[in-house]
>>> print(open('my_file01.pdb').read())   # PDB, C-alpha atoms and all ligand atoms
ATOM      1  CA  MET A   1      -4.965  78.592   7.102
ATOM      2  CA  ASN A   2      -6.457  75.339   8.309
ATOM      3  CA  THR A   3      -9.163  74.396   5.819
ATOM      4  CA  ALA A   4     -10.160  71.226   7.658
ATOM      5  CA  ILE A   5     -13.850  70.428   7.971
ATOM      6  CA  ALA A   6     -15.081  69.349  11.377
ATOM      7  CA  TYR A   7     -18.335  67.970  12.740
ATOM      8  CA  LEU A   8     -20.246  69.403  15.675
ATOM      9  CA  ASN A   9     -23.656  68.191  16.848
ATOM     10  CA  GLY A  10     -25.119  67.322  13.466
ATOM     11  CA  GLU A  11     -23.328  69.915  11.345
ATOM     12  CA  PHE A  12     -20.227  69.823   9.151
ATOM     13  CA  LEU A  13     -18.370  73.131   9.248
ATOM     14  CA  PRO A  14     -14.853  74.598   9.000
ATOM     15  CA  LEU A  15     -12.812  73.685  12.070
ATOM     16  CA  ALA A  16     -12.076  77.392  12.609
ATOM     17  CA  ASP A  17     -15.822  78.051  12.984
ATOM     18  CA  VAL A  18     -16.444  75.423  15.665
ATOM     19  CA  GLY A  19     -17.535  77.012  18.920
ATOM     20  CA  ILE A  20     -17.980  75.067  22.138
ATOM     21  CA  SER A  21     -19.505  76.494  25.312
ATOM     22  CA  PRO A  22     -17.214  77.170  28.278
ATOM     23  CA  LEU A  23     -19.880  75.339  30.283
ATOM     24  CA  ASP A  24     -19.243  72.156  28.319
ATOM     25  CA  ARG A  25     -18.563  69.360  30.781
ATOM     26  CA  GLY A  26     -15.617  68.267  28.684
ATOM     27  CA  PHE A  27     -13.980  71.619  29.377
ATOM     28  CA  LEU A  28     -15.013  71.877  33.044
ATOM     29  CA  PHE A  29     -14.758  68.252  34.213
ATOM     30  CA  ALA A  30     -13.048  66.294  31.404
ATOM     31  CA  ASP A  31     -16.402  64.460  31.451
ATOM     32  CA  GLY A  32     -16.135  62.679  28.129
ATOM     33  CA  VAL A  33     -14.447  60.065  25.988
ATOM     34  CA  TYR A  34     -12.635  60.060  22.650
ATOM     35  CA  GLU A  35     -11.275  57.975  19.816
ATOM     36  CA  VAL A  36      -8.447  58.438  17.322
ATOM     37  CA  ILE A  37      -8.918  56.502  14.089
ATOM     38  CA  PRO A  38      -6.384  56.454  11.267
ATOM     39  CA  VAL A  39      -7.558  56.685   7.664
ATOM     40  CA  TYR A  40      -5.435  55.272   4.841
ATOM     41  CA  HIS A  41      -6.334  55.879   1.207
ATOM     42  CA  GLY A  42      -9.642  57.327   2.412
ATOM     43  CA  ARG A  43     -10.574  54.159   4.340
ATOM     44  CA  LEU A  44     -11.161  54.106   8.092
ATOM     45  CA  PHE A  45      -8.669  51.561   9.480
ATOM     46  CA  ARG A  46     -10.084  48.907  11.835
ATOM     47  CA  LEU A  47     -13.234  50.972  12.267
ATOM     48  CA  ALA A  48     -15.199  48.151  13.929
ATOM     49  CA  GLY A  49     -12.630  47.862  16.731
ATOM     50  CA  HIS A  50     -12.514  51.614  17.300
ATOM     51  CA  LEU A  51     -16.322  51.849  17.382
ATOM     52  CA  GLN A  52     -16.591  48.923  19.783
ATOM     53  CA  ARG A  53     -14.095  50.618  22.108
ATOM     54  CA  LEU A  54     -16.063  53.880  21.786
ATOM     55  CA  VAL A  55     -19.320  52.108  22.665
ATOM     56  CA  ASN A  56     -17.569  50.477  25.652
ATOM     57  CA  SER A  57     -16.142  53.811  26.828
ATOM     58  CA  LEU A  58     -19.532  55.544  26.532
ATOM     59  CA  ALA A  59     -21.239  52.740  28.452
ATOM     60  CA  ALA A  60     -18.539  52.793  31.144
ATOM     61  CA  ILE A  61     -19.200  56.469  31.868
ATOM     62  CA  GLN A  62     -23.002  56.079  31.446
ATOM     63  CA  LEU A  63     -23.135  58.491  28.534
ATOM     64  CA  GLU A  64     -26.052  57.704  26.267
ATOM     65  CA  CYS A  65     -25.962  59.611  22.998
ATOM     66  CA  GLY A  66     -28.507  57.762  20.918
ATOM     67  CA  LEU A  67     -26.171  56.982  18.020
ATOM     68  CA  GLU A  68     -25.907  53.418  16.772
ATOM     69  CA  ARG A  69     -22.820  51.932  15.187
ATOM     70  CA  GLY A  70     -24.181  52.633  11.694
ATOM     71  CA  ASP A  71     -24.711  56.303  12.621
ATOM     72  CA  TRP A  72     -21.089  56.637  13.800
ATOM     73  CA  GLU A  73     -19.886  55.010  10.624
ATOM     74  CA  ALA A  74     -21.971  57.335   8.440
ATOM     75  CA  LEU A  75     -20.778  60.399  10.362
ATOM     76  CA  LEU A  76     -17.103  59.456  10.118
ATOM     77  CA  THR A  77     -17.363  58.405   6.483
ATOM     78  CA  GLU A  78     -18.843  61.785   5.604
ATOM     79  CA  LEU A  79     -16.154  63.573   7.621
ATOM     80  CA  VAL A  80     -13.446  61.714   5.687
ATOM     81  CA  ALA A  81     -15.126  62.609   2.384
ATOM     82  CA  CYS A  82     -15.452  66.291   3.398
ATOM     83  CA  ASN A  83     -11.720  66.321   4.082
ATOM     84  CA  GLY A  84     -10.775  64.826   0.738
ATOM     85  CA  GLY A  85      -9.986  61.269   1.846
ATOM     86  CA  GLY A  86      -6.318  60.273   1.641
ATOM     87  CA  ASN A  87      -4.402  59.635   4.855
ATOM     88  CA  LEU A  88      -5.985  61.252   7.892
ATOM     89  CA  ALA A  89      -6.202  61.005  11.649
ATOM     90  CA  VAL A  90      -9.829  61.291  12.731
ATOM     91  CA  TYR A  91     -10.427  62.555  16.258
ATOM     92  CA  LEU A  92     -13.872  61.981  17.788
ATOM     93  CA  GLN A  93     -14.893  63.313  21.193
ATOM     94  CA  ILE A  94     -18.173  63.024  23.057
ATOM     95  CA  THR A  95     -18.850  64.911  26.260
ATOM     96  CA  ARG A  96     -21.821  65.088  28.606
ATOM     97  CA  GLY A  97     -22.940  68.385  27.073
ATOM     98  CA  ALA A  98     -23.213  71.948  28.341
ATOM     99  CA  PRO A  99     -25.865  72.500  31.015
ATOM    100  CA  GLU A 100     -26.411  76.064  32.272
ATOM    101  CA  ILE A 101     -24.965  75.436  35.700
ATOM    102  CA  ARG A 102     -21.670  73.857  36.693
ATOM    103  CA  ASP A 103     -22.540  70.939  38.928
ATOM    104  CA  HIS A 104     -20.756  67.624  39.414
ATOM    105  CA  ASN A 105     -24.027  65.628  39.116
ATOM    106  CA  PHE A 106     -24.943  64.379  35.680
ATOM    107  CA  PRO A 107     -27.064  67.048  33.915
ATOM    108  CA  ALA A 108     -30.796  66.610  33.236
ATOM    109  CA  ALA A 109     -31.664  64.006  30.619
ATOM    110  CA  ASP A 110     -32.703  66.683  28.094
ATOM    111  CA  ILE A 111     -29.175  68.146  27.909
ATOM    112  CA  PRO A 112     -27.714  66.734  24.684
ATOM    113  CA  PRO A 113     -24.152  65.433  24.617
ATOM    114  CA  THR A 114     -21.561  67.356  22.636
ATOM    115  CA  ILE A 115     -20.391  65.311  19.682
ATOM    116  CA  PHE A 116     -17.312  66.689  17.987
ATOM    117  CA  ALA A 117     -15.069  65.211  15.307
ATOM    118  CA  MET A 118     -12.210  66.538  13.218
ATOM    119  CA  ALA A 119      -9.751  65.138  10.712
ATOM    120  CA  SER A 120      -6.146  66.155  10.303
ATOM    121  CA  LEU A 121      -3.607  65.109   7.712
ATOM    122  CA  LEU A 122      -1.716  62.000   8.722
ATOM    123  CA  LYS A 123       1.758  62.902   7.545
ATOM    124  CA  PRO A 124       4.165  60.134   6.524
ATOM    125  CA  LEU A 125       5.929  58.904   9.647
ATOM    126  CA  PRO A 126       9.337  60.565  10.103
ATOM    127  CA  GLU A 127      12.161  58.151   9.325
ATOM    128  CA  ALA A 128      14.578  58.701  12.206
ATOM    129  CA  PRO A 129      12.475  57.275  15.078
ATOM    130  CA  TYR A 130      11.941  54.074  13.112
ATOM    131  CA  GLU A 131      15.480  53.703  11.734
ATOM    132  CA  GLU A 132      17.264  54.580  14.966
ATOM    133  CA  GLY A 133      14.586  54.017  17.573
ATOM    134  CA  ILE A 134      13.623  56.501  20.269
ATOM    135  CA  SER A 135      14.750  57.034  23.831
ATOM    136  CA  ALA A 136      12.266  56.694  26.663
ATOM    137  CA  ILE A 137      12.214  57.054  30.424
ATOM    138  CA  THR A 138      10.304  55.037  32.982
ATOM    139  CA  CYS A 139       8.046  56.903  35.345
ATOM    140  CA  ALA A 140       5.338  56.241  37.915
ATOM    141  CA  ASP A 141       1.865  55.635  36.510
ATOM    142  CA  ILE A 142      -0.179  58.087  38.586
ATOM    143  CA  ARG A 143      -3.381  57.718  36.524
ATOM    144  CA  TRP A 144      -6.763  56.646  37.875
ATOM    145  CA  GLY A 145      -8.081  53.107  38.183
ATOM    146  CA  ALA A 146     -10.052  52.942  34.919
ATOM    147  CA  CYS A 147      -7.436  53.370  32.193
ATOM    148  CA  HIS A 148      -9.362  50.981  29.926
ATOM    149  CA  ILE A 149     -11.815  53.847  29.309
ATOM    150  CA  LYS A 150     -10.586  56.187  26.583
ATOM    151  CA  SER A 151     -11.257  59.201  28.790
ATOM    152  CA  ILE A 152     -10.405  62.742  27.704
ATOM    153  CA  ALA A 153      -8.888  63.281  31.189
ATOM    154  CA  LEU A 154      -5.263  62.965  30.101
ATOM    155  CA  LEU A 155      -3.408  65.187  32.552
ATOM    156  CA  ALA A 156      -1.304  62.357  34.006
ATOM    157  CA  ASN A 157      -0.432  61.217  30.470
ATOM    158  CA  VAL A 158       0.519  64.786  29.533
ATOM    159  CA  LEU A 159       2.731  65.141  32.612
ATOM    160  CA  ALA A 160       4.438  61.803  31.924
ATOM    161  CA  ARG A 161       5.181  62.736  28.299
ATOM    162  CA  GLN A 162       6.468  66.150  29.387
ATOM    163  CA  GLN A 163       8.714  64.571  32.021
ATOM    164  CA  ALA A 164      10.235  62.506  29.199
ATOM    165  CA  VAL A 165      10.680  65.548  26.971
ATOM    166  CA  ALA A 166      12.233  67.548  29.818
ATOM    167  CA  GLN A 167      14.805  64.757  30.203
ATOM    168  CA  GLY A 168      15.610  64.750  26.490
ATOM    169  CA  ALA A 169      13.621  61.562  25.782
ATOM    170  CA  ALA A 170      10.701  61.014  23.415
ATOM    171  CA  ASP A 171       8.301  59.060  25.602
ATOM    172  CA  ALA A 172       7.540  57.706  29.048
ATOM    173  CA  ILE A 173       6.882  54.060  29.932
ATOM    174  CA  LEU A 174       4.630  53.854  32.966
ATOM    175  CA  VAL A 175       5.056  51.572  35.962
ATOM    176  CA  ARG A 176       2.314  50.910  38.525
ATOM    177  CA  ASP A 177       2.931  48.867  41.688
ATOM    178  CA  GLY A 178       6.073  47.410  40.149
ATOM    179  CA  TYR A 179       4.392  46.336  36.903
ATOM    180  CA  LEU A 180       4.573  47.794  33.420
ATOM    181  CA  THR A 181       1.333  49.301  32.194
ATOM    182  CA  GLU A 182       1.737  51.270  28.966
ATOM    183  CA  ALA A 183       3.290  54.502  27.690
ATOM    184  CA  ALA A 184       1.960  58.082  27.747
ATOM    185  CA  ALA A 185      -0.107  57.539  24.578
ATOM    186  CA  SER A 186       0.684  54.008  23.426
ATOM    187  CA  ASN A 187       0.846  50.375  24.498
ATOM    188  CA  VAL A 188       4.124  48.663  25.270
ATOM    189  CA  PHE A 189       5.711  45.404  24.078
ATOM    190  CA  LEU A 190       8.945  43.689  25.160
ATOM    191  CA  VAL A 191      10.957  41.028  23.406
ATOM    192  CA  CYS A 192      12.652  38.761  25.944
ATOM    193  CA  ASP A 193      14.415  35.543  24.868
ATOM    194  CA  GLY A 194      12.648  35.556  21.512
ATOM    195  CA  ARG A 195       9.172  35.952  23.044
ATOM    196  CA  LEU A 196       6.900  38.925  22.538
ATOM    197  CA  LEU A 197       5.435  40.106  25.849
ATOM    198  CA  THR A 198       2.793  42.721  26.582
ATOM    199  CA  PRO A 199       0.763  43.591  29.694
ATOM    200  CA  ARG A 200      -2.565  41.822  29.809
ATOM    201  CA  LYS A 201      -5.771  43.726  29.149
ATOM    202  CA  ASP A 202      -7.418  45.021  32.310
ATOM    203  CA  GLU A 203      -8.354  48.365  33.843
ATOM    204  CA  ARG A 204      -4.679  49.385  34.033
ATOM    205  CA  ILE A 205      -4.283  49.859  30.269
ATOM    206  CA  LEU A 206      -6.124  51.078  27.220
ATOM    207  CA  PRO A 207      -7.047  48.130  24.993
ATOM    208  CA  GLY A 208      -5.153  49.510  22.002
ATOM    209  CA  ILE A 209      -6.303  48.641  18.511
ATOM    210  CA  THR A 210      -2.694  48.581  17.269
ATOM    211  CA  ARG A 211      -1.841  46.250  20.174
ATOM    212  CA  GLU A 212      -4.650  43.950  19.058
ATOM    213  CA  ILE A 213      -3.384  43.915  15.472
ATOM    214  CA  ILE A 214       0.170  43.136  16.617
ATOM    215  CA  LEU A 215      -1.121  40.180  18.662
ATOM    216  CA  GLU A 216      -3.116  38.885  15.687
ATOM    217  CA  LEU A 217      -0.144  39.247  13.328
ATOM    218  CA  ALA A 218       2.208  37.586  15.827
ATOM    219  CA  ALA A 219      -0.153  34.631  16.209
ATOM    220  CA  ALA A 220      -0.563  34.252  12.450
ATOM    221  CA  ASP A 221       3.212  34.443  11.986
ATOM    222  CA  GLY A 222       3.966  31.896  14.708
ATOM    223  CA  MET A 223       5.804  34.467  16.854
ATOM    224  CA  PRO A 224       5.666  33.289  20.485
ATOM    225  CA  CYS A 225       3.648  35.831  22.379
ATOM    226  CA  GLU A 226       2.299  36.304  25.909
ATOM    227  CA  GLU A 227      -0.168  38.732  27.472
ATOM    228  CA  ARG A 228       0.510  38.824  31.208
ATOM    229  CA  ASP A 229       1.590  40.937  34.165
ATOM    230  CA  LEU A 230       5.108  42.167  33.429
ATOM    231  CA  PRO A 231       7.341  43.141  36.361
ATOM    232  CA  ALA A 232       9.204  46.365  35.596
ATOM    233  CA  GLU A 233      12.531  44.555  36.171
ATOM    234  CA  LEU A 234      12.029  42.831  32.808
ATOM    235  CA  LEU A 235      12.735  46.152  31.084
ATOM    236  CA  ALA A 236      16.421  46.123  31.990
ATOM    237  CA  GLY A 237      17.058  42.750  30.309
ATOM    238  CA  ALA A 238      14.696  43.157  27.345
ATOM    239  CA  ASP A 239      16.206  42.602  23.887
ATOM    240  CA  GLU A 240      13.644  44.906  22.324
ATOM    241  CA  ILE A 241      10.994  47.364  23.509
ATOM    242  CA  TRP A 242       8.258  48.702  21.222
ATOM    243  CA  LEU A 243       5.479  51.260  21.637
ATOM    244  CA  SER A 244       2.280  50.937  19.595
ATOM    245  CA  SER A 245      -0.475  53.363  18.676
ATOM    246  CA  SER A 246      -2.793  54.206  15.809
ATOM    247  CA  THR A 247      -0.933  57.336  14.778
ATOM    248  CA  LYS A 248       2.673  56.212  15.398
ATOM    249  CA  GLU A 249       2.185  52.529  14.541
ATOM    250  CA  ILE A 250       5.076  50.549  16.076
ATOM    251  CA  ILE A 251       8.097  52.466  17.351
ATOM    252  CA  PRO A 252      11.248  50.751  18.613
ATOM    253  CA  VAL A 253      12.653  52.088  21.892
ATOM    254  CA  THR A 254      16.430  51.772  21.680
ATOM    255  CA  ALA A 255      17.414  53.603  24.869
ATOM    256  CA  LEU A 256      15.668  53.470  28.222
ATOM    257  CA  ASP A 257      16.608  55.658  31.167
ATOM    258  CA  GLY A 258      19.871  56.482  29.409
ATOM    259  CA  ARG A 259      20.907  52.845  28.789
ATOM    260  CA  PRO A 260      20.749  51.004  25.458
ATOM    261  CA  VAL A 261      17.931  48.495  24.958
ATOM    262  CA  GLY A 262      19.446  45.236  23.643
ATOM    263  CA  ALA A 263      21.991  46.167  20.986
ATOM    264  CA  GLY A 264      20.791  49.794  21.022
ATOM    265  CA  VAL A 265      19.287  49.554  17.539
ATOM    266  CA  PRO A 266      15.829  48.455  16.305
ATOM    267  CA  GLY A 267      15.680  44.689  16.685
ATOM    268  CA  PRO A 268      14.871  41.856  14.282
ATOM    269  CA  LEU A 269      11.422  41.101  15.708
ATOM    270  CA  TRP A 270      10.471  44.764  15.386
ATOM    271  CA  ARG A 271      11.592  44.704  11.735
ATOM    272  CA  ARG A 272       9.533  41.589  11.136
ATOM    273  CA  MET A 273       6.442  42.962  12.875
ATOM    274  CA  THR A 274       6.670  46.325  11.118
ATOM    275  CA  ALA A 275       6.801  44.576   7.737
ATOM    276  CA  LEU A 276       3.778  42.464   8.690
ATOM    277  CA  TYR A 277       1.930  45.562   9.910
ATOM    278  CA  GLN A 278       2.607  47.514   6.705
ATOM    279  CA  ALA A 279       1.478  44.568   4.597
ATOM    280  CA  TYR A 280      -1.697  44.266   6.681
ATOM    281  CA  LYS A 281      -2.436  47.992   6.263
ATOM    282  CA  GLN A 282      -2.002  47.691   2.497
ATOM    283  CA  MET A 283      -4.297  44.689   2.444
ATOM    284  CA  VAL A 284      -7.189  46.204   4.405
ATOM    285  CA  CYS A 285      -6.798  49.785   3.129
ATOM    286  CA  PRO A 286      -5.597  49.466  -0.468
ATOM    287  CA  PRO A 287      -5.288  52.566  -2.650
ATOM    288  CA  VAL A 288      -8.587  53.669  -4.196
ATOM    289  CA  GLY A 289      -9.433  51.661  -7.283
ATOM    290  CA  VAL A 290      -7.546  48.571  -6.098
TER
HETATM  291  N1  LIG B 301      -3.582  57.221  21.945
HETATM  292  N2  LIG B 301      -2.563  53.711  25.448
HETATM  293  C1  LIG B 301      -2.854  55.018  25.564
HETATM  294  C2  LIG B 301      -2.812  55.647  26.919
HETATM  295  C3  LIG B 301      -3.211  55.763  24.429
HETATM  296  O1  LIG B 301      -3.539  57.048  24.545
HETATM  297  C4  LIG B 301      -3.221  55.127  23.157
HETATM  298  C5  LIG B 301      -3.618  55.844  21.901
HETATM  299  C6  LIG B 301      -2.890  53.765  23.085
HETATM  300  C7  LIG B 301      -2.884  53.005  21.778
HETATM  301  O2  LIG B 301      -4.183  52.752  21.320
HETATM  302  P1  LIG B 301      -4.466  52.579  19.757
HETATM  303  O3  LIG B 301      -3.537  51.545  19.280
HETATM  304  O4  LIG B 301      -5.873  52.160  19.712
HETATM  305  O5  LIG B 301      -4.206  53.911  19.084
HETATM  306  C8  LIG B 301      -2.571  53.080  24.248
HETATM  307  C9  LIG B 301      -4.121  58.005  20.858
HETATM  308  C10 LIG B 301      -3.503  57.716  19.532
HETATM  309  C11 LIG B 301      -4.078  59.458  21.250
HETATM  310  O6  LIG B 301      -4.402  59.735  22.400
HETATM  311  O7  LIG B 301      -3.782  60.307  20.402
END
>>> encode(input="my_file01.pdb", output="structure tokens")
Amino acid sequence: MNTAIAYLNGEFLPLADVGISPLDRGFLFADGVYEVIPVYHGRLFRLAGHLQRLVNSLAAIQLECGLERGDWEALLTELVACNGGGNLAVYLQITRGAPEIRDHNFPAADIPPTIFAMASLLKPLPEAPYEEGISAITCADIRWGACHIKSIALLANVLARQQAVAQGAADAILVRDGYLTEAAASNVFLVCDGRLLTPRKDERILPGITREIILELAAADGMPCEERDLPAELLAGADEIWLSSSTKEIIPVTALDGRPVGAGVPGPLWRRMTALYQAYKQMVCPPVGV
């Protein structure tokens, strides 16, 4: 049985007891935003960045929920404590509430938003994808024009991931108008001629927190790095391709569309960056008592 404790609109309760109205606008319209925040040794990792992105997403969809940054922090800290700390993935979702009538217009101002959060165990990452790398496919990015918002409307992402799975691959790298954007649920990096490249931040991609950390670590380590528009043709000649996200960290892609990437094994810059990332995690989220 899942004994996880969740949060719903001011109350902490067993996840199994959470009930959300079928009229909730998240359910009917995907009218909401979310965050996924990793927790290591009971500490919320890069919380400030996640909360800033949440505040930006809420503002972008004009969803006012009256919680300040300190309130979010208190809520999430209590959720982590209720779930015993350790290593967790915290999921937070806010929707525009559940008015009595389904109508595309925003509901009346007195309809409260639905604020839901849950925590699940963050299992140790499986070894194979990191030792051998994963295979990915490229596919058309058919998402909307505001991918910088962490919207709960993820159908295009779901279809892209499933297209990869149906073709025996693990993930899908998305291409829009001839340029790389990101992957189904992660950002993308290339290594070309010793330089680390990633698409620049605009409305075509989610400003990933892991992406941000990688850029900081690369700069501190003197790794040449560029954020710019990346034509999809660069993929074919890339020495390394990585995907980054909060829950999967940095995964090397060693086969793309059935062809090996570089030497077909995780590359040296990936090894370097992964070591830097693990050291950074240890530094900012040390075991309790350290
Ligand atoms: N996804 N791009 C997309 C489309 C994503 O969904 C995610 C994260 C990222 C990486 O962002 P971050 O480094 O902040 O996790 C990029 C989360 C983990 C998810 O939907 O589960």
>>> closest_residue(input="my_file01.pdb", among="A:Ala136, A:Phe12, A:Gly145, A:Ala185", to="Asn157 (chain A)", atoms="all atoms listed in the file")
A:Ala185
>>> resolve_selection(input="my_file01.pdb", expression="the PyMOL selection byres (((chain A and resi 34) around 6) and not hetatm)", output="VMD selection string")
chain A and resid 33 35 92 to 93 150
>>> atom_distance(input="my_file01.pdb", atom1="CA of Ala59 (chain A)", atom2="CA of Phe29 (chain A)")
17.8 Å
>>> residues_near_point(input="my_file01.pdb", point="(6.2, 51.7, 28.3)", cutoff="12 Å", atoms="only C-alpha atoms", output="PDB file with C-alpha atoms, keeping the file's coordinate frame")
ATOM      1  CA  ILE A 134      13.623  56.501  20.269  1.00  0.00           C
ATOM      2  CA  SER A 135      14.750  57.034  23.831  1.00  0.00           C
ATOM      3  CA  ALA A 136      12.266  56.694  26.663  1.00  0.00           C
ATOM      4  CA  ILE A 137      12.214  57.054  30.424  1.00  0.00           C
ATOM      5  CA  THR A 138      10.304  55.037  32.982  1.00  0.00           C
ATOM      6  CA  CYS A 139       8.046  56.903  35.345  1.00  0.00           C
ATOM      7  CA  ALA A 140       5.338  56.241  37.915  1.00  0.00           C
ATOM      8  CA  ASP A 141       1.865  55.635  36.510  1.00  0.00           C
ATOM      9  CA  ASN A 157      -0.432  61.217  30.470  1.00  0.00           C
ATOM     10  CA  ALA A 160       4.438  61.803  31.924  1.00  0.00           C
ATOM     11  CA  ARG A 161       5.181  62.736  28.299  1.00  0.00           C
ATOM     12  CA  ALA A 164      10.235  62.506  29.199  1.00  0.00           C
ATOM     13  CA  ALA A 170      10.701  61.014  23.415  1.00  0.00           C
ATOM     14  CA  ASP A 171       8.301  59.060  25.602  1.00  0.00           C
ATOM     15  CA  ALA A 172       7.540  57.706  29.048  1.00  0.00           C
ATOM     16  CA  ILE A 173       6.882  54.060  29.932  1.00  0.00           C
ATOM     17  CA  LEU A 174       4.630  53.854  32.966  1.00  0.00           C
ATOM     18  CA  VAL A 175       5.056  51.572  35.962  1.00  0.00           C
ATOM     19  CA  ARG A 176       2.314  50.910  38.525  1.00  0.00           C
ATOM     20  CA  TYR A 179       4.392  46.336  36.903  1.00  0.00           C
ATOM     21  CA  LEU A 180       4.573  47.794  33.420  1.00  0.00           C
ATOM     22  CA  THR A 181       1.333  49.301  32.194  1.00  0.00           C
ATOM     23  CA  GLU A 182       1.737  51.270  28.966  1.00  0.00           C
ATOM     24  CA  ALA A 183       3.290  54.502  27.690  1.00  0.00           C
ATOM     25  CA  ALA A 184       1.960  58.082  27.747  1.00  0.00           C
ATOM     26  CA  ALA A 185      -0.107  57.539  24.578  1.00  0.00           C
ATOM     27  CA  SER A 186       0.684  54.008  23.426  1.00  0.00           C
ATOM     28  CA  ASN A 187       0.846  50.375  24.498  1.00  0.00           C
ATOM     29  CA  VAL A 188       4.124  48.663  25.270  1.00  0.00           C
ATOM     30  CA  PHE A 189       5.711  45.404  24.078  1.00  0.00           C
ATOM     31  CA  LEU A 190       8.945  43.689  25.160  1.00  0.00           C
ATOM     32  CA  LEU A 197       5.435  40.106  25.849  1.00  0.00           C
ATOM     33  CA  THR A 198       2.793  42.721  26.582  1.00  0.00           C
ATOM     34  CA  PRO A 199       0.763  43.591  29.694  1.00  0.00           C
ATOM     35  CA  ILE A 205      -4.283  49.859  30.269  1.00  0.00           C
ATOM     36  CA  LEU A 230       5.108  42.167  33.429  1.00  0.00           C
ATOM     37  CA  PRO A 231       7.341  43.141  36.361  1.00  0.00           C
ATOM     38  CA  ALA A 232       9.204  46.365  35.596  1.00  0.00           C
ATOM     39  CA  LEU A 234      12.029  42.831  32.808  1.00  0.00           C
ATOM     40  CA  LEU A 235      12.735  46.152  31.084  1.00  0.00           C
ATOM     41  CA  GLU A 240      13.644  44.906  22.324  1.00  0.00           C
ATOM     42  CA  ILE A 241      10.994  47.364  23.509  1.00  0.00           C
ATOM     43  CA  TRP A 242       8.258  48.702  21.222  1.00  0.00           C
ATOM     44  CA  LEU A 243       5.479  51.260  21.637  1.00  0.00           C
ATOM     45  CA  SER A 244       2.280  50.937  19.595  1.00  0.00           C
ATOM     46  CA  SER A 245      -0.475  53.363  18.676  1.00  0.00           C
ATOM     47  CA  ILE A 251       8.097  52.466  17.351  1.00  0.00           C
ATOM     48  CA  PRO A 252      11.248  50.751  18.613  1.00  0.00           C
ATOM     49  CA  VAL A 253      12.653  52.088  21.892  1.00  0.00           C
ATOM     50  CA  ALA A 255      17.414  53.603  24.869  1.00  0.00           C
ATOM     51  CA  LEU A 256      15.668  53.470  28.222  1.00  0.00           C
ATOM     52  CA  ASP A 257      16.608  55.658  31.167  1.00  0.00           C
TER      53      ASP A 257
END
>>> axis_aligned_box(input="my_file01.pdb", around="ligand LIG 301 (chain B)", padding_each_side="3 Å", output="lines of an AutoDock Vina configuration file")
center_x = -4.2
center_y = 55.9
center_z = 23.0
size_x = 9.3
size_y = 14.8
size_z = 13.8
>>> residues_around(input="my_file01.pdb", residues="Leu8 (chain A)", least_positions_apart="6", cutoff="7 Å", atoms="all atoms listed in the file", output="list in words")
Ile115, Phe116 and Ala117 of chain A
>>> atom_distance(input="my_file01.pdb", atom1="CA of Cys82 (chain A)", atom2="CA of Gly208 (chain A)")
27.1 Å
>>> build_atoms(input="my_file01.pdb", residues="region 255-266 of chain A", atoms="N, CA and C atoms", output="PDB file, in the coordinates of the input")
ATOM      1  N   ALA A 255      16.723  53.196  23.636  1.00  0.00           N
ATOM      2  CA  ALA A 255      17.414  53.603  24.869  1.00  0.00           C
ATOM      3  C   ALA A 255      16.352  53.826  25.937  1.00  0.00           C
ATOM      4  N   LEU A 256      16.616  53.302  27.123  1.00  0.00           N
ATOM      5  CA  LEU A 256      15.668  53.470  28.222  1.00  0.00           C
ATOM      6  C   LEU A 256      16.425  53.951  29.452  1.00  0.00           C
ATOM      7  N   ASP A 257      15.961  55.046  30.003  1.00  0.00           N
ATOM      8  CA  ASP A 257      16.608  55.658  31.167  1.00  0.00           C
ATOM      9  C   ASP A 257      18.118  55.804  30.942  1.00  0.00           C
ATOM     10  N   GLY A 258      18.472  56.187  29.717  1.00  0.00           N
ATOM     11  CA  GLY A 258      19.871  56.482  29.409  1.00  0.00           C
ATOM     12  C   GLY A 258      20.718  55.262  29.073  1.00  0.00           C
ATOM     13  N   ARG A 259      20.130  54.062  29.116  1.00  0.00           N
ATOM     14  CA  ARG A 259      20.907  52.845  28.789  1.00  0.00           C
ATOM     15  C   ARG A 259      20.368  52.223  27.502  1.00  0.00           C
ATOM     16  N   PRO A 260      21.255  51.606  26.696  1.00  0.00           N
ATOM     17  CA  PRO A 260      20.749  51.004  25.458  1.00  0.00           C
ATOM     18  C   PRO A 260      19.815  49.827  25.742  1.00  0.00           C
ATOM     19  N   VAL A 261      18.819  49.668  24.896  1.00  0.00           N
ATOM     20  CA  VAL A 261      17.931  48.495  24.958  1.00  0.00           C
ATOM     21  C   VAL A 261      18.520  47.463  24.000  1.00  0.00           C
ATOM     22  N   GLY A 262      18.824  46.270  24.484  1.00  0.00           N
ATOM     23  CA  GLY A 262      19.446  45.236  23.643  1.00  0.00           C
ATOM     24  C   GLY A 262      20.714  45.785  23.015  1.00  0.00           C
ATOM     25  N   ALA A 263      20.795  45.695  21.685  1.00  0.00           N
ATOM     26  CA  ALA A 263      21.991  46.167  20.986  1.00  0.00           C
ATOM     27  C   ALA A 263      21.952  47.677  20.741  1.00  0.00           C
ATOM     28  N   GLY A 264      20.879  48.336  21.192  1.00  0.00           N
ATOM     29  CA  GLY A 264      20.791  49.794  21.022  1.00  0.00           C
ATOM     30  C   GLY A 264      20.328  50.220  19.638  1.00  0.00           C
ATOM     31  N   VAL A 265      19.842  49.256  18.870  1.00  0.00           N
ATOM     32  CA  VAL A 265      19.287  49.554  17.539  1.00  0.00           C
ATOM     33  C   VAL A 265      17.967  48.795  17.410  1.00  0.00           C
ATOM     34  N   PRO A 266      17.090  49.195  16.473  1.00  0.00           N
ATOM     35  CA  PRO A 266      15.829  48.455  16.305  1.00  0.00           C
ATOM     36  C   PRO A 266      16.111  46.971  16.042  1.00  0.00           C
TER      37      PRO A 266
END
